[in-house]
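Data from run.csv: CSV, C-alpha atoms
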```csv
chain,number,residue,atom,x,y,z
A,144,MET,CA,76.8,123.2,106.4
A,145,SER,CA,78.8,120.1,105.4
A,146,HIS,CA,79.3,119.0,101.8
A,147,PRO,CA,76.9,116.3,100.8
A,148,SER,CA,79.8,113.8,100.3
A,149,ALA,CA,80.5,114.1,104.0
A,150,GLU,CA,77.1,112.8,105.1
A,151,LYS,CA,75.6,109.3,105.3
A,152,SER,CA,72.0,108.7,104.4
A,153,GLY,CA,69.6,107.3,107.0
A,154,GLY,CA,69.2,103.9,105.2
A,155,PRO,CA,71.7,101.4,104.2
A,156,ALA,CA,74.0,102.5,101.3
A,157,GLU,CA,73.9,100.6,98.1
A,158,ALA,CA,77.2,98.8,97.6
A,159,ALA,CA,79.2,98.6,94.4
A,160,THR,CA,82.7,97.5,93.4
A,161,GLY,CA,84.8,100.6,93.8
A,162,PRO,CA,88.5,101.6,94.0
A,163,PHE,CA,91.0,98.7,94.1
A,164,GLY,CA,88.1,96.3,93.6
A,165,LEU,CA,86.7,96.8,97.1
A,166,PRO,CA,83.0,97.0,97.9
A,167,VAL,CA,82.1,100.6,98.6
A,168,ASP,CA,79.1,102.9,98.5
A,169,ALA,CA,77.7,103.0,94.9
A,170,ALA,CA,77.6,106.8,94.7
A,171,LEU,CA,81.3,107.0,95.8
A,172,ALA,CA,82.3,104.3,93.3
A,173,ALA,CA,80.5,106.2,90.5
A,174,ASP,CA,82.1,109.5,91.4
A,175,ALA,CA,85.6,107.9,91.7
A,176,ALA,CA,85.2,106.3,88.3
A,177,ARG,CA,84.0,109.6,86.7
A,178,ARG,CA,86.8,111.7,88.1
A,179,LEU,CA,89.5,109.1,87.5
A,180,ALA,CA,88.5,109.2,83.8
A,181,THR,CA,89.1,113.0,83.9
A,182,VAL,CA,92.5,112.3,85.6
A,183,GLU,CA,93.4,109.9,82.7
A,184,GLU,CA,92.5,112.5,80.1
A,185,MET,CA,94.6,115.2,81.8
A,186,LEU,CA,97.5,112.8,82.1
A,187,THR,CA,97.4,112.1,78.4
A,188,GLU,CA,97.2,115.8,77.6
A,189,CYS,CA,100.1,116.6,80.0
A,190,VAL,CA,102.6,114.3,78.2
A,191,ARG,CA,101.7,115.6,74.7
A,192,GLY,CA,104.4,118.0,73.4
A,193,ASP,CA,106.1,119.4,70.4
A,194,ASP,CA,109.0,117.0,70.3
A,195,ALA,CA,107.9,113.6,68.8
A,196,LEU,CA,110.4,111.4,70.7
A,197,LEU,CA,109.7,113.1,74.1
A,198,THR,CA,106.0,112.7,73.6
A,199,GLU,CA,106.3,109.1,72.6
A,200,ALA,CA,108.6,108.3,75.5
A,201,SER,CA,106.4,110.1,78.0
A,202,ARG,CA,103.3,108.3,76.8
A,203,HIS,CA,105.1,105.0,77.1
A,204,LEU,CA,104.2,104.4,80.7
A,205,VAL,CA,101.0,106.5,80.8
A,206,GLU,CA,99.5,104.2,78.2
A,207,ALA,CA,100.9,101.1,79.9
A,208,GLY,CA,98.2,101.6,82.5
A,209,GLY,CA,98.6,100.8,86.1
A,210,LYS,CA,96.4,100.9,89.2
A,211,ARG,CA,96.4,104.7,89.5
A,212,PHE,CA,96.6,104.0,93.2
A,213,ARG,CA,97.9,107.5,94.2
A,214,PRO,CA,95.4,109.5,92.1
A,215,MET,CA,92.6,107.4,93.6
A,216,LEU,CA,93.7,108.2,97.1
A,217,VAL,CA,93.6,111.9,96.2
A,218,LEU,CA,90.0,111.5,95.0
A,219,LEU,CA,88.9,109.5,98.0
A,220,ALA,CA,90.5,111.9,100.5
A,221,SER,CA,88.7,114.9,98.8
A,222,HIS,CA,85.4,113.5,100.0
A,223,PHE,CA,86.2,114.8,103.5
A,224,GLY,CA,85.8,118.3,102.0
A,225,ASP,CA,84.4,119.3,98.6
A,226,PRO,CA,85.4,116.7,96.0
A,227,ASP,CA,84.6,119.1,93.2
A,228,ALA,CA,87.0,121.7,94.4
A,229,PRO,CA,89.1,122.9,91.4
A,230,GLY,CA,92.5,121.7,92.6
A,231,VAL,CA,91.6,118.1,93.3
A,232,VAL,CA,91.9,116.5,89.9
A,233,PRO,CA,95.1,118.4,89.0
A,234,ALA,CA,96.6,117.2,92.3
A,235,ALA,CA,95.7,113.7,91.4
A,236,VAL,CA,97.6,114.2,88.1
A,237,VAL,CA,100.6,115.7,89.9
A,238,VAL,CA,101.1,112.6,92.1
A,239,GLU,CA,100.8,110.2,89.2
A,240,LEU,CA,103.2,112.2,87.0
A,241,THR,CA,105.6,112.2,89.9
A,242,HIS,CA,105.2,108.5,90.4
A,243,LEU,CA,105.7,107.8,86.7
A,244,GLY,CA,108.8,110.0,86.6
A,245,THR,CA,110.4,107.9,89.4
A,246,LEU,CA,109.7,104.7,87.5
A,247,TYR,CA,111.7,105.9,84.5
A,248,HIS,CA,114.6,106.6,86.8
A,249,ASP,CA,114.2,103.4,88.8
A,250,ASP,CA,114.4,101.3,85.6
A,251,VAL,CA,117.7,103.0,84.7
A,252,MET,CA,119.2,102.4,88.1
A,253,ASP,CA,117.9,98.8,88.2
A,254,GLU,CA,118.7,98.1,84.5
A,255,ALA,CA,115.2,96.7,84.3
A,256,PRO,CA,114.2,95.4,80.8
A,257,VAL,CA,110.4,95.3,81.5
A,258,ARG,CA,107.9,97.6,83.2
A,259,ARG,CA,104.2,96.9,83.4
A,260,GLY,CA,104.5,94.1,80.9
A,261,GLN,CA,106.2,96.2,78.3
A,262,GLU,CA,109.8,96.9,77.3
A,263,SER,CA,111.1,99.5,79.6
A,264,ALA,CA,111.9,103.0,78.2
A,265,ASN,CA,115.7,102.5,78.9
A,266,TYR,CA,115.7,99.3,76.9
A,267,ARG,CA,113.4,100.6,74.1
A,268,TRP,CA,115.4,103.8,73.7
A,269,THR,CA,118.5,104.5,75.9
A,270,ASN,CA,119.2,105.3,79.6
A,271,THR,CA,119.6,109.0,78.6
A,272,VAL,CA,116.2,109.1,77.0
A,273,ALA,CA,114.6,107.4,80.0
A,274,ILE,CA,116.3,109.8,82.5
A,275,LEU,CA,115.3,112.9,80.5
A,276,THR,CA,111.7,111.6,80.1
A,277,GLY,CA,111.5,111.2,83.9
A,278,ASP,CA,112.8,114.7,84.3
A,279,TYR,CA,110.2,116.0,81.8
A,280,LEU,CA,107.4,114.4,83.8
A,281,PHE,CA,108.6,116.0,87.0
A,282,ALA,CA,108.6,119.3,85.1
A,283,ARG,CA,105.0,118.8,83.9
A,284,ALA,CA,104.0,117.9,87.5
A,285,SER,CA,105.6,121.2,88.7
A,286,ASP,CA,103.8,123.2,86.1
A,287,LEU,CA,100.5,121.9,87.3
A,288,LEU,CA,101.5,122.3,90.9
A,289,ALA,CA,102.3,126.0,90.6
A,290,ASP,CA,98.5,126.7,90.2
A,291,LEU,CA,97.7,124.8,93.5
A,292,GLY,CA,99.3,127.3,95.9
A,293,PRO,CA,102.5,127.5,97.9
A,294,GLU,CA,101.4,125.0,100.6
A,295,ALA,CA,100.9,122.3,97.9
A,296,VAL,CA,104.2,123.2,96.4
A,297,ARG,CA,105.9,122.9,99.8
A,298,VAL,CA,104.3,119.5,100.5
A,299,GLN,CA,105.4,118.2,97.1
A,300,ALA,CA,108.9,119.5,97.4
A,301,ARG,CA,109.4,118.0,100.8
A,302,ALA,CA,108.1,114.6,99.6
A,303,PHE,CA,110.3,114.7,96.6
A,304,GLY,CA,113.3,115.3,98.9
A,305,ARG,CA,112.3,112.2,100.8
A,306,LEU,CA,111.9,110.2,97.6
A,307,VAL,CA,115.5,111.0,96.6
A,308,ARG,CA,116.8,110.4,100.2
A,309,GLY,CA,115.1,107.0,100.2
A,310,GLN,CA,116.6,106.0,96.9
A,311,MET,CA,120.0,107.2,98.0
A,312,GLN,CA,119.8,105.3,101.3
A,313,GLU,CA,118.7,102.1,99.5
A,314,THR,CA,121.5,102.5,97.0
A,315,VAL,CA,124.3,102.9,99.6
A,316,GLY,CA,122.8,100.6,102.2
A,317,PRO,CA,123.1,100.8,106.0
A,318,ARG,CA,126.3,102.1,107.6
A,319,SER,CA,128.2,99.8,109.9
A,320,ASP,CA,126.6,101.4,113.0
A,321,ASP,CA,123.0,101.4,111.6
A,322,ASP,CA,120.3,99.0,112.6
A,323,PRO,CA,119.7,97.3,109.2
A,324,LEU,CA,116.0,96.7,109.8
A,325,LYS,CA,115.4,100.3,111.0
A,326,HIS,CA,117.3,101.5,107.9
A,327,TYR,CA,115.2,99.4,105.7
A,328,LEU,CA,111.9,100.7,107.1
A,329,GLN,CA,113.1,104.3,106.7
A,330,VAL,CA,113.9,103.6,103.1
A,331,VAL,CA,110.4,102.2,102.6
A,332,ALA,CA,108.8,105.2,104.3
A,333,ASP,CA,110.8,107.7,102.2
A,334,LYS,CA,110.9,105.9,98.9
A,335,THR,CA,107.4,104.4,98.8
A,336,ALA,CA,105.2,105.8,101.5
A,337,SER,CA,106.0,109.5,101.2
A,338,LEU,CA,104.2,110.0,97.9
A,339,ILE,CA,101.2,107.9,99.1
A,340,ALA,CA,101.0,110.2,102.1
A,341,VAL,CA,101.1,113.2,99.8
A,342,SER,CA,98.2,111.7,97.8
A,343,GLY,CA,96.0,111.7,100.9
A,344,HIS,CA,97.3,115.1,102.0
A,345,PHE,CA,96.5,116.8,98.6
A,346,GLY,CA,93.0,115.3,98.5
A,347,ALA,CA,92.1,116.6,101.9
A,348,LEU,CA,94.0,119.9,101.7
A,349,LEU,CA,92.7,121.0,98.3
A,350,SER,CA,89.1,120.0,99.1
A,351,GLY,CA,89.1,122.3,102.1
A,352,ALA,CA,89.0,119.6,104.8
A,353,SER,CA,89.8,120.6,108.4
A,354,PRO,CA,93.4,120.6,109.6
A,355,HIS,CA,92.7,117.6,111.8
A,356,VAL,CA,91.4,115.6,108.8
A,357,VAL,CA,94.4,116.7,106.6
A,358,HIS,CA,96.8,115.6,109.3
A,359,THR,CA,95.0,112.3,110.0
A,360,ILE,CA,94.7,111.2,106.4
A,361,THR,CA,98.3,112.1,105.6
A,362,SER,CA,99.6,110.1,108.6
A,363,ALA,CA,97.3,107.1,107.8
A,364,CYS,CA,98.2,107.1,104.1
A,365,GLU,CA,101.9,107.0,105.0
A,366,LYS,CA,101.2,103.9,107.1
A,367,ILE,CA,99.1,102.3,104.3
A,368,GLY,CA,102.1,103.0,102.0
A,369,VAL,CA,104.5,101.2,104.3
A,370,ALA,CA,102.0,98.3,104.6
A,371,PHE,CA,101.7,98.0,100.9
A,372,GLN,CA,105.4,97.7,100.5
A,373,LEU,CA,105.6,95.1,103.3
A,374,SER,CA,102.9,93.1,101.6
A,375,ASP,CA,104.8,93.2,98.3
A,376,ASP,CA,107.9,91.9,100.2
A,377,ILE,CA,105.9,89.0,101.6
A,378,LEU,CA,104.2,88.3,98.2
A,379,ASP,CA,107.5,88.2,96.4
A,380,ILE,CA,108.4,85.3,98.6
A,381,ALA,CA,105.2,83.5,99.4
A,382,SER,CA,103.2,83.8,96.1
A,383,GLU,CA,103.4,81.2,93.5
A,384,THR,CA,102.2,83.7,90.9
A,385,GLU,CA,103.3,87.2,89.8
A,386,GLU,CA,100.6,88.9,91.9
A,387,SER,CA,103.2,91.4,93.2
A,388,GLY,CA,104.0,92.5,89.7
A,389,LYS,CA,107.2,90.5,89.4
A,390,THR,CA,108.4,86.9,89.3
A,391,PRO,CA,108.3,85.4,92.8
A,392,GLY,CA,111.7,85.3,94.4
A,393,THR,CA,113.0,88.2,92.4
A,394,ASP,CA,114.2,90.2,95.4
A,395,LEU,CA,116.1,87.1,96.6
A,396,ARG,CA,117.7,86.5,93.2
A,397,GLU,CA,118.7,90.1,92.9
A,398,GLY,CA,120.2,90.4,96.4
A,399,VAL,CA,117.6,92.9,97.5
A,400,ARG,CA,116.9,92.4,101.2
A,401,THR,CA,113.4,92.8,102.4
A,402,LEU,CA,111.5,92.5,105.7
A,403,PRO,CA,111.4,88.7,106.0
A,404,MET,CA,115.1,88.4,105.2
A,405,TYR,CA,116.1,91.0,107.8
A,406,HIS,CA,114.2,89.0,110.4
A,407,VAL,CA,116.1,85.9,109.4
A,408,LEU,CA,119.5,87.7,109.5
A,409,GLY,CA,118.4,89.3,112.8
A,410,GLY,CA,118.4,86.0,114.5
A,411,ILE,CA,114.9,84.5,114.3
A,412,GLY,CA,115.2,80.7,114.4
A,413,SER,CA,118.1,78.6,115.7
A,414,GLY,CA,117.9,75.3,113.9
A,415,PRO,CA,120.2,73.9,111.2
A,416,ASP,CA,117.8,75.1,108.4
A,417,ASP,CA,118.0,78.6,109.9
A,418,ALA,CA,121.8,78.6,109.8
A,419,ARG,CA,121.7,77.3,106.2
A,420,LEU,CA,119.3,80.0,105.2
A,421,ARG,CA,121.4,82.8,106.7
A,422,GLU,CA,124.4,81.4,104.9
A,423,LEU,CA,122.4,81.5,101.6
A,424,LEU,CA,121.1,85.0,102.1
A,425,VAL,CA,124.6,86.5,102.2
A,426,GLN,CA,125.5,84.7,98.9
A,427,ASP,CA,125.0,85.8,95.3
A,428,LEU,CA,122.0,83.8,94.1
A,429,SER,CA,121.6,85.5,90.8
A,430,GLU,CA,123.2,82.8,88.6
A,431,ASP,CA,122.6,79.7,90.6
A,432,ASP,CA,119.0,78.4,90.1
A,433,ALA,CA,119.5,75.5,92.6
A,434,LEU,CA,120.7,77.7,95.4
A,435,HIS,CA,118.0,80.2,94.7
A,436,ALA,CA,115.3,77.6,94.8
A,437,GLU,CA,116.7,76.2,98.1
A,438,ALA,CA,116.8,79.6,99.7
A,439,LEU,CA,113.3,80.4,98.5
A,440,ALA,CA,111.9,77.2,99.9
A,441,LEU,CA,113.6,77.7,103.3
A,442,LEU,CA,112.4,81.3,103.5
A,443,ARG,CA,108.8,80.4,102.7
A,444,ALA,CA,108.8,77.9,105.6
A,445,HIS,CA,110.7,80.2,108.0
A,446,PRO,CA,109.0,81.8,111.1
A,447,ALA,CA,110.3,85.1,109.8
A,448,MET,CA,107.4,85.1,107.4
A,449,ASP,CA,104.9,85.0,110.3
A,450,ARG,CA,106.9,87.9,111.9
A,451,ALA,CA,106.7,89.9,108.7
A,452,ARG,CA,102.9,89.3,108.5
A,453,ALA,CA,102.6,90.5,112.1
A,454,ASP,CA,104.5,93.6,111.2
A,455,LEU,CA,102.2,94.2,108.2
A,456,ARG,CA,99.1,93.8,110.3
A,457,ARG,CA,100.4,96.3,112.9
A,458,TRP,CA,101.0,99.0,110.2
A,459,ALA,CA,97.6,98.4,108.7
A,460,GLU,CA,95.9,98.4,112.1
A,461,ASP,CA,97.7,101.6,113.1
A,462,ALA,CA,96.4,103.3,109.9
A,463,ARG,CA,92.9,102.0,110.7
A,464,THR,CA,92.9,103.4,114.2
A,465,GLU,CA,93.7,106.8,112.9
A,466,LEU,CA,91.1,106.6,110.1
A,467,LEU,CA,88.4,105.8,112.6
A,468,THR,CA,88.8,109.2,114.2
A,469,LEU,CA,87.5,110.8,110.9
A,470,PRO,CA,83.9,111.5,110.0
A,471,ASP,CA,81.8,108.4,109.4
A,472,ILE,CA,81.3,108.7,105.6
A,473,PRO,CA,81.7,106.2,102.7
A,474,ALA,CA,85.2,107.5,101.9
A,475,ARG,CA,86.3,106.5,105.4
A,476,ASP,CA,84.9,103.0,104.7
A,477,ALA,CA,86.9,102.9,101.5
A,478,PHE,CA,90.1,103.8,103.4
A,479,THR,CA,89.5,101.2,106.1
A,480,GLY,CA,88.7,98.6,103.5
A,481,LEU,CA,92.1,99.3,102.0
A,482,CYS,CA,93.6,98.5,105.4
A,483,ASP,CA,91.9,95.1,105.3
A,484,TYR,CA,92.9,94.5,101.7
A,485,VAL,CA,96.6,95.1,102.2
A,486,VAL,CA,96.6,92.4,104.8
A,487,SER,CA,94.3,89.9,103.1
A,488,ARG,CA,96.3,90.0,99.8
A,489,THR,CA,99.2,88.2,101.5
A,490,GLY,CA,96.9,85.4,102.7
```

In structure tokens, write the structure found in this file.
Amino acid sequence: MSHPSAEKSGGPAEAATGPFGLPVDAALAADAARRLATVEEMLTECVRGDDALLTEASRHLVEAGGKRFRPMLVLLASHFGDPDAPGVVPAAVVVELTHLGTLYHDDVMDEAPVRRGQESANYRWTNTVAILTGDYLFARASDLLADLGPEAVRVQARAFGRLVRGQMQETVGPRSDDDPLKHYLQVVADKTASLIAVSGHFGALLSGASPHVVHTITSACEKIGVAFQLSDDILDIASETEESGKTPGTDLREGVRTLPMYHVLGGIGSGPDDARLRELLVQDLSEDDALHAEALALLRAHPAMDRARADLRRWAEDARTELLTLPDIPARDAFTGLCDYVVSRTG
């Protein structure tokens, strides 16, 4: 007998604003909100300790908020089994603690002064405090994970290895014999998409979903993770606002190459503006506002942006194709709605 969450009623479902602001089944939206509140409570409890500084530093990013994207994916995926299974909420906390831990380390490596609208931990305290705080969050995640069984531990360990590998590959850059675009996409898959894939994996696995469902959701969530990063790449160039969470053109100013830039450098376009843009993209634009503005304007108008949007649509559509093989329940609608959203947010 299937769990009630895996069935659709005979009549039309009442809609509500649910995860990520998307229209979803009202019962699913209510359940997600209820259990996400439990996740929030557990997160706060997990970062409370005996050491005052460690507690304050750990709470710094937890209390700064965030979309809780990864925990929500865990909760949604659990509806393909028993969403009330005891491991589901702890797993959602595990992925968020892991994500937050990486943010502390990222800010140290990037020398970032601000995170989520607040002074970053490394600027508020020191790099050492920020690194140790990230390590502490990883430890707290491992403590919770130990109760979820050896398979969950293995899934997390392998994903953590990918996170580190992705960061390392991004730091050292492609080798002379690497395809730069392929290298970049591998970094995105490892550094960003791997933990998003784990989120779907945990929700399905710990709710007791079938092996086919576990595999499908894991694969689709990885593709959604890549798509979200690609959409952020596009927004960083195309947006006039800080919708991507940072000032538009930040990647360009900091010399961080992203998908549209790789398409330009790969040879798309042959006019004089294209040659000028390629010339600008290999320069240091961090201190020259005029050159940065010129490069940003040329990049926004370049056909590489359309190519990047086509790549984004392909990743989202591949995820949707996989998701449509799953049982037809409200949670599936939420996942496919996410595929639509990640494309629509770039215009």

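Checking A:Gly414, A:Val296, A:Val407, A:Arg463 one by one against Leu349 (chain A), counting all atoms listed in the file, you find the shortest gap at A:Val296.
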
Any idea what's packed within 12 Å of Pro317 (chain A), counting only C-alpha atoms, ignoring anything in its chain fewer than 4 positions away? Could you give it as a compact mmCIF listing (two decimals) with C-alpha atoms, in the frame of the given file?
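File written: around_4.txt
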```txt
# COMPACT_ATOMS: atom_id res chain seq x y z
CA GLY A 309 115.10 107.00 100.20
CA MET A 311 120.00 107.20 98.00
CA GLN A 312 119.80 105.30 101.30
CA GLU A 313 118.70 102.10 99.50
CA ASP A 321 123.00 101.40 111.60
CA ASP A 322 120.30 99.00 112.60
CA PRO A 323 119.70 97.30 109.20
CA LEU A 324 116.00 96.70 109.80
CA LYS A 325 115.40 100.30 111.00
CA HIS A 326 117.30 101.50 107.90
CA TYR A 327 115.20 99.40 105.70
CA LEU A 328 111.90 100.70 107.10
CA GLN A 329 113.10 104.30 106.70
CA VAL A 330 113.90 103.60 103.10
CA ARG A 400 116.90 92.40 101.20
```

> Could you pull the residues within 9 Å of Arg283 (chain A), counting all atoms listed in the file, minus those fewer than 5 positions along the same chain, as a PyMOL selection string?
Replying inline: chain A and resi 189-190+237+240-241+278+288

> Of the candidates A:Asp417, A:Asp290, A:Glu206, A:Glu188, which one gets nearest to Gln261 (chain A) if we count only C-alpha atoms?
Replying inline: A:Glu206

>> Just want the 7 Å neighbourhood of region 442-457 of chain A, counted on all atoms listed in the file, with same-chain residues fewer than 5 positions away dropped. Output as a list in words.
In response: Ala370, Leu373, Ser374, Ile380, Ala381, Leu402, Pro403, His406, Val407, Ile411 and Val486 of chain A

>> Residues near His358 (chain A), anyone? I mean within 8 Å using only C-alpha atoms, not counting same-chain ones fewer than 4 positions away, as number ranges by chain.
In response: A: 344, 354, 362

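Comparing A:Met215, A:Tyr247, A:Phe345, A:Leu338 by their smallest distance to Glu294 (chain A), the closest is A:Phe345 (using all atoms listed in the file).
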